[in-house]
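Have a look at start05.txt; it's compact mmCIF, N, CA and C atoms and all ligand atoms:
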```txt
# COMPACT_ATOMS: atom_id res chain seq x y z
N MET V 1 -0.02 -18.93 -0.31
CA MET V 1 0.87 -18.37 0.69
C MET V 1 0.67 -16.86 0.73
N PRO V 2 0.51 -16.30 1.93
CA PRO V 2 0.35 -14.85 2.05
C PRO V 2 1.61 -14.12 1.61
N ARG V 3 1.41 -12.88 1.22
CA ARG V 3 2.53 -12.07 0.75
C ARG V 3 2.28 -10.63 1.20
N LEU V 4 3.27 -10.00 1.79
CA LEU V 4 3.16 -8.59 2.17
C LEU V 4 3.78 -7.76 1.07
N VAL V 5 3.06 -6.74 0.64
CA VAL V 5 3.52 -5.85 -0.41
C VAL V 5 3.44 -4.42 0.11
N ASN V 6 4.50 -3.68 -0.04
CA ASN V 6 4.58 -2.31 0.45
C ASN V 6 4.15 -1.36 -0.67
N LYS V 7 3.01 -0.70 -0.50
CA LYS V 7 2.50 0.26 -1.49
C LYS V 7 2.15 1.55 -0.77
N SER V 8 2.36 2.68 -1.41
CA SER V 8 2.00 3.95 -0.79
C SER V 8 1.12 4.82 -1.67
N ALA V 9 0.87 4.39 -2.91
CA ALA V 9 0.02 5.19 -3.81
C ALA V 9 -1.43 5.17 -3.32
N HIS V 10 -2.12 6.26 -3.58
CA HIS V 10 -3.53 6.39 -3.18
C HIS V 10 -4.46 6.48 -4.39
N GLY V 11 -3.93 6.22 -5.56
CA GLY V 11 -4.76 6.30 -6.76
C GLY V 11 -4.07 5.67 -7.94
N PRO V 12 -4.79 5.57 -9.05
CA PRO V 12 -4.27 4.87 -10.23
C PRO V 12 -3.34 5.73 -11.08
N GLN V 13 -2.63 5.06 -11.98
CA GLN V 13 -1.83 5.70 -13.02
C GLN V 13 -2.59 5.55 -14.32
N GLN V 14 -2.88 6.65 -14.96
CA GLN V 14 -3.60 6.58 -16.23
C GLN V 14 -2.62 6.29 -17.36
N VAL V 15 -2.93 5.26 -18.14
CA VAL V 15 -2.13 4.89 -19.31
C VAL V 15 -3.10 4.82 -20.48
N GLY V 16 -3.05 5.82 -21.35
CA GLY V 16 -4.05 5.91 -22.41
C GLY V 16 -5.42 6.07 -21.79
N ASP V 17 -6.36 5.19 -22.14
CA ASP V 17 -7.70 5.27 -21.55
C ASP V 17 -7.88 4.28 -20.41
N ARG V 18 -6.78 3.68 -19.96
CA ARG V 18 -6.81 2.70 -18.86
C ARG V 18 -6.30 3.32 -17.57
N HIS V 19 -6.79 2.81 -16.46
CA HIS V 19 -6.32 3.24 -15.15
C HIS V 19 -5.69 2.03 -14.45
N ILE V 20 -4.38 2.09 -14.27
CA ILE V 20 -3.63 0.99 -13.69
C ILE V 20 -3.58 1.17 -12.17
N CYS V 21 -3.90 0.10 -11.44
CA CYS V 21 -3.89 0.14 -9.98
C CYS V 21 -2.46 0.31 -9.47
N MET V 22 -2.27 1.33 -8.67
CA MET V 22 -0.97 1.57 -8.05
C MET V 22 -1.03 1.38 -6.54
N CYS V 23 -2.24 1.18 -6.00
CA CYS V 23 -2.38 1.04 -4.54
C CYS V 23 -2.27 -0.42 -4.10
N GLY V 24 -2.48 -1.35 -5.02
CA GLY V 24 -2.38 -2.77 -4.70
C GLY V 24 -3.66 -3.39 -4.17
N LEU V 25 -4.74 -2.63 -4.06
CA LEU V 25 -5.96 -3.14 -3.44
C LEU V 25 -7.03 -3.57 -4.43
N SER V 26 -6.84 -3.33 -5.71
CA SER V 26 -7.86 -3.67 -6.69
C SER V 26 -8.10 -5.17 -6.77
N ASN V 27 -9.35 -5.54 -6.92
CA ASN V 27 -9.72 -6.94 -7.15
C ASN V 27 -9.77 -7.24 -8.64
N ASN V 28 -9.36 -6.28 -9.45
CA ASN V 28 -9.35 -6.44 -10.90
C ASN V 28 -7.98 -6.06 -11.45
N GLN V 29 -6.92 -6.57 -10.79
CA GLN V 29 -5.55 -6.25 -11.21
C GLN V 29 -5.33 -6.62 -12.67
N PRO V 30 -4.59 -5.84 -13.42
CA PRO V 30 -3.82 -4.68 -12.97
C PRO V 30 -4.60 -3.37 -13.03
N PHE V 31 -5.92 -3.46 -13.20
CA PHE V 31 -6.70 -2.24 -13.39
C PHE V 31 -7.33 -1.76 -12.09
N CYS V 32 -7.50 -0.47 -12.00
CA CYS V 32 -8.14 0.15 -10.84
C CYS V 32 -9.63 -0.19 -10.82
N ASP V 33 -10.13 -0.54 -9.64
CA ASP V 33 -11.56 -0.77 -9.48
C ASP V 33 -12.16 0.17 -8.43
N GLY V 34 -11.39 1.18 -8.04
CA GLY V 34 -11.88 2.15 -7.05
C GLY V 34 -11.56 1.78 -5.62
N SER V 35 -10.94 0.61 -5.41
CA SER V 35 -10.62 0.18 -4.05
C SER V 35 -9.62 1.09 -3.37
N HIS V 36 -8.92 1.92 -4.14
CA HIS V 36 -7.93 2.83 -3.53
C HIS V 36 -8.59 3.80 -2.55
N HIS V 37 -9.90 3.98 -2.66
CA HIS V 37 -10.59 4.87 -1.71
C HIS V 37 -10.53 4.32 -0.28
N LYS V 38 -10.22 3.03 -0.16
CA LYS V 38 -10.06 2.46 1.19
C LYS V 38 -8.84 3.05 1.90
N THR V 39 -7.94 3.68 1.13
CA THR V 39 -6.75 4.29 1.74
C THR V 39 -7.04 5.71 2.23
N ASP V 40 -8.24 6.23 1.97
CA ASP V 40 -8.59 7.57 2.43
C ASP V 40 -8.41 7.64 3.94
N GLY V 41 -7.80 8.70 4.39
CA GLY V 41 -7.62 8.90 5.83
C GLY V 41 -6.38 8.25 6.41
N GLU V 42 -5.58 7.56 5.56
CA GLU V 42 -4.35 6.98 6.07
C GLU V 42 -3.41 8.10 6.53
N ASP V 43 -2.66 7.84 7.58
CA ASP V 43 -1.61 8.74 8.05
C ASP V 43 -0.33 8.30 7.36
N GLU V 44 0.33 9.20 6.65
CA GLU V 44 1.53 8.85 5.88
C GLU V 44 2.65 8.31 6.75
N LYS V 45 2.61 8.58 8.05
CA LYS V 45 3.68 8.14 8.94
C LYS V 45 3.38 6.80 9.58
N LYS V 46 2.23 6.20 9.23
CA LYS V 46 1.86 4.93 9.84
C LYS V 46 1.85 3.82 8.80
N LEU V 47 1.85 2.60 9.30
CA LEU V 47 1.87 1.42 8.46
C LEU V 47 0.55 0.69 8.63
N TYR V 48 -0.04 0.23 7.51
CA TYR V 48 -1.34 -0.42 7.56
C TYR V 48 -1.28 -1.79 6.90
N PHE V 49 -2.17 -2.65 7.38
CA PHE V 49 -2.36 -3.97 6.79
C PHE V 49 -3.78 -4.02 6.26
N TYR V 50 -3.97 -4.51 5.04
CA TYR V 50 -5.30 -4.71 4.45
C TYR V 50 -5.50 -6.20 4.24
N ASP V 51 -6.59 -6.74 4.79
CA ASP V 51 -6.85 -8.16 4.58
C ASP V 51 -7.51 -8.36 3.21
N GLU V 52 -7.78 -9.61 2.85
CA GLU V 52 -8.31 -9.90 1.52
C GLU V 52 -9.67 -9.28 1.27
N ALA V 53 -10.40 -8.98 2.35
CA ALA V 53 -11.70 -8.32 2.21
C ALA V 53 -11.56 -6.80 2.13
N GLY V 54 -10.30 -6.31 2.24
CA GLY V 54 -10.06 -4.88 2.16
C GLY V 54 -10.20 -4.15 3.48
N ASN V 55 -10.30 -4.90 4.56
CA ASN V 55 -10.39 -4.26 5.88
C ASN V 55 -9.01 -3.78 6.30
N ARG V 56 -8.96 -2.56 6.80
CA ARG V 56 -7.69 -1.93 7.17
C ARG V 56 -7.41 -2.08 8.66
N GLU V 57 -6.14 -2.37 8.97
CA GLU V 57 -5.70 -2.44 10.36
C GLU V 57 -4.37 -1.70 10.48
N GLU V 58 -4.28 -0.81 11.46
CA GLU V 58 -3.04 -0.09 11.69
C GLU V 58 -2.07 -1.00 12.43
N ILE V 59 -0.83 -1.03 11.96
CA ILE V 59 0.20 -1.83 12.61
C ILE V 59 0.96 -0.92 13.55
N GLU V 60 1.01 -1.32 14.80
CA GLU V 60 1.66 -0.51 15.82
C GLU V 60 3.17 -0.57 15.67
N THR V 61 3.78 0.59 15.47
CA THR V 61 5.24 0.71 15.43
C THR V 61 5.62 2.05 16.03
N ASP V 62 6.86 2.21 16.40
CA ASP V 62 7.34 3.49 16.91
C ASP V 62 7.60 4.46 15.77
N SER V 63 8.09 3.95 14.64
CA SER V 63 8.52 4.82 13.55
C SER V 63 7.56 4.80 12.37
N GLY V 64 6.55 3.94 12.37
CA GLY V 64 5.67 3.81 11.22
C GLY V 64 6.11 2.66 10.35
N CYS V 65 7.26 2.06 10.66
CA CYS V 65 7.74 0.91 9.89
C CYS V 65 8.36 -0.08 10.86
N SER V 66 7.85 -1.28 10.86
CA SER V 66 8.38 -2.29 11.76
C SER V 66 9.68 -2.88 11.22
N GLY V 67 9.89 -2.77 9.92
CA GLY V 67 11.06 -3.37 9.31
C GLY V 67 10.91 -4.87 9.11
N GLU V 68 9.82 -5.44 9.67
CA GLU V 68 9.64 -6.88 9.58
C GLU V 68 9.15 -7.31 8.20
N CYS V 69 8.42 -6.44 7.53
CA CYS V 69 7.86 -6.84 6.24
C CYS V 69 8.78 -6.51 5.08
N CYS V 70 9.65 -5.53 5.26
CA CYS V 70 10.41 -5.05 4.10
C CYS V 70 11.87 -4.81 4.44
N GLY V 71 12.30 -5.15 5.62
CA GLY V 71 13.68 -4.92 6.00
C GLY V 71 13.95 -3.48 6.38
N GLY V 72 12.89 -2.69 6.54
CA GLY V 72 13.06 -1.31 6.96
C GLY V 72 13.45 -0.37 5.84
N CYS V 73 13.24 -0.77 4.59
CA CYS V 73 13.68 0.06 3.47
C CYS V 73 12.89 1.35 3.35
N CYS V 74 11.73 1.45 4.02
CA CYS V 74 10.98 2.69 3.95
C CYS V 74 11.59 3.75 4.85
N GLN V 75 12.53 3.35 5.67
CA GLN V 75 13.21 4.32 6.51
C GLN V 75 14.41 4.86 5.74
N GLU V 76 14.50 6.17 5.68
CA GLU V 76 15.50 6.84 4.85
C GLU V 76 16.90 6.28 5.05
N GLU V 77 17.30 6.06 6.30
CA GLU V 77 18.67 5.63 6.56
C GLU V 77 18.94 4.20 6.10
N ASN V 78 17.90 3.43 5.80
CA ASN V 78 18.08 2.04 5.38
C ASN V 78 17.90 1.84 3.88
N LYS V 79 17.64 2.93 3.14
CA LYS V 79 17.46 2.77 1.70
C LYS V 79 18.78 2.41 1.04
N PRO V 80 18.72 1.46 0.06
CA PRO V 80 19.95 1.10 -0.64
C PRO V 80 20.45 2.26 -1.49
N ASN V 81 21.75 2.32 -1.71
CA ASN V 81 22.33 3.39 -2.53
C ASN V 81 22.07 3.15 -3.99
S1 LIG O 1 -5.40 2.52 -7.64
FE1 LIG O 1 -5.71 0.61 -6.74
S2 LIG O 1 -7.83 0.32 -6.88
FE2 LIG O 1 -7.52 2.26 -7.73
```

Could you render the structure from this file as structure tokens?
Ligand code: FES
Amino acid sequence: MPRLVNKSAHGPQQVGDRHICMCGLSNNQPFCDGSHHKTDGEDEKKLYFYDEAGNREEIETDSGCSGECCGGCCQEENKPN
């Protein structure tokens, strides 16, 4: 079953001598495999979809968040307290 995951990191988190994937695109989870470079050039105000092959597609929205995948929590006014 497909699953949408909202990630905004563009690089790994170093833990000791390991690099943990924070972008969600690594094919070697939980470790970084360099796939985060596919996020290069992303516009922070836009929303993107990456397919299993790592191909990027911009999702058309007015605000950068459709709210359909996450309930709109990326919008400041909708964040839980
Ligand atoms: S941080 Fe995800 S592949 Fe590098």

Quick one: pull the distance between CA of Phe31 (chain V) and atom C of His19 (chain V), Å, one decimal.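 Here the two named atoms are 4.5 Å from each other.
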
Got a sec to check which residues lie within 7 Å of ligand LIG 1 (chain O), using only N, CA and C atoms and all ligand atoms, and send them as a PyMOL selection string? chain V and resi 9-13+19-27+31-37

What does the structure give for the distance between atom N of Asp40 (chain V) and CA of Ile59 (chain V), in Å to one decimal? 15.8 Å

What's the separation between CA of Tyr50 (chain V) and CA of Asn28 (chain V), in Å to one decimal place?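 Atom-to-atom, CA of Tyr50 (chain V) to CA of Asn28 (chain V), that is 16.0 Å.
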
Writing N, CA and C atoms and nothing else, produce region 10-36 of chain V as a short mmCIF file (atom, residue, chain, number, x, y, z; two decimals), in the first residue's frame.
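As written to disk, part.cif reads:
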```cif
data_model
loop_
_atom_site.label_atom_id
_atom_site.label_comp_id
_atom_site.auth_asym_id
_atom_site.auth_seq_id
_atom_site.Cartn_x
_atom_site.Cartn_y
_atom_site.Cartn_z
N HIS V 10 17.06 18.12 3.77
CA HIS V 10 17.81 17.99 2.51
C HIS V 10 19.14 17.26 2.71
N GLY V 11 19.33 16.68 3.88
CA GLY V 11 20.58 15.98 4.13
C GLY V 11 20.47 15.12 5.37
N PRO V 12 21.50 14.34 5.63
CA PRO V 12 21.48 13.39 6.74
C PRO V 12 21.80 14.01 8.09
N GLN V 13 21.50 13.25 9.14
CA GLN V 13 21.90 13.58 10.51
C GLN V 13 23.05 12.65 10.86
N GLN V 14 24.17 13.22 11.24
CA GLN V 14 25.31 12.39 11.61
C GLN V 14 25.16 11.94 13.06
N VAL V 15 25.27 10.62 13.27
CA VAL V 15 25.22 10.04 14.61
C VAL V 15 26.47 9.18 14.73
N GLY V 16 27.44 9.65 15.48
CA GLY V 16 28.73 8.96 15.54
C GLY V 16 29.35 8.97 14.16
N ASP V 17 29.69 7.79 13.64
CA ASP V 17 30.27 7.73 12.29
C ASP V 17 29.23 7.33 11.25
N ARG V 18 27.96 7.35 11.64
CA ARG V 18 26.85 6.99 10.73
C ARG V 18 26.12 8.24 10.27
N HIS V 19 25.54 8.15 9.08
CA HIS V 19 24.73 9.23 8.55
C HIS V 19 23.30 8.70 8.36
N ILE V 20 22.39 9.21 9.16
CA ILE V 20 21.01 8.76 9.15
C ILE V 20 20.21 9.59 8.15
N CYS V 21 19.46 8.91 7.28
CA CYS V 21 18.65 9.59 6.27
C CYS V 21 17.52 10.38 6.94
N MET V 22 17.47 11.66 6.64
CA MET V 22 16.41 12.52 7.16
C MET V 22 15.50 13.00 6.03
N CYS V 23 15.87 12.72 4.78
CA CYS V 23 15.07 13.19 3.65
C CYS V 23 14.00 12.18 3.25
N GLY V 24 14.17 10.92 3.63
CA GLY V 24 13.19 9.89 3.31
C GLY V 24 13.40 9.22 1.96
N LEU V 25 14.43 9.60 1.22
CA LEU V 25 14.60 9.08 -0.14
C LEU V 25 15.62 7.96 -0.25
N SER V 26 16.35 7.67 0.81
CA SER V 26 17.39 6.64 0.73
C SER V 26 16.81 5.26 0.44
N ASN V 27 17.51 4.51 -0.38
CA ASN V 27 17.15 3.11 -0.64
C ASN V 27 17.86 2.19 0.33
N ASN V 28 18.56 2.77 1.30
CA ASN V 28 19.29 2.00 2.30
C ASN V 28 18.91 2.48 3.69
N GLN V 29 17.59 2.65 3.91
CA GLN V 29 17.10 3.14 5.22
C GLN V 29 17.60 2.25 6.35
N PRO V 30 17.94 2.80 7.49
CA PRO V 30 17.79 4.21 7.86
C PRO V 30 19.01 5.06 7.50
N PHE V 31 19.91 4.53 6.68
CA PHE V 31 21.15 5.24 6.40
C PHE V 31 21.07 6.04 5.10
N CYS V 32 21.79 7.12 5.07
CA CYS V 32 21.88 7.97 3.88
C CYS V 32 22.65 7.25 2.78
N ASP V 33 22.13 7.32 1.56
CA ASP V 33 22.84 6.77 0.41
C ASP V 33 23.12 7.85 -0.64
N GLY V 34 22.93 9.12 -0.25
CA GLY V 34 23.19 10.23 -1.16
C GLY V 34 21.98 10.64 -1.99
N SER V 35 20.86 9.92 -1.83
CA SER V 35 19.66 10.25 -2.61
C SER V 35 19.11 11.62 -2.28
N HIS V 36 19.52 12.19 -1.15
CA HIS V 36 19.01 13.52 -0.77
C HIS V 36 19.39 14.58 -1.80
#
```
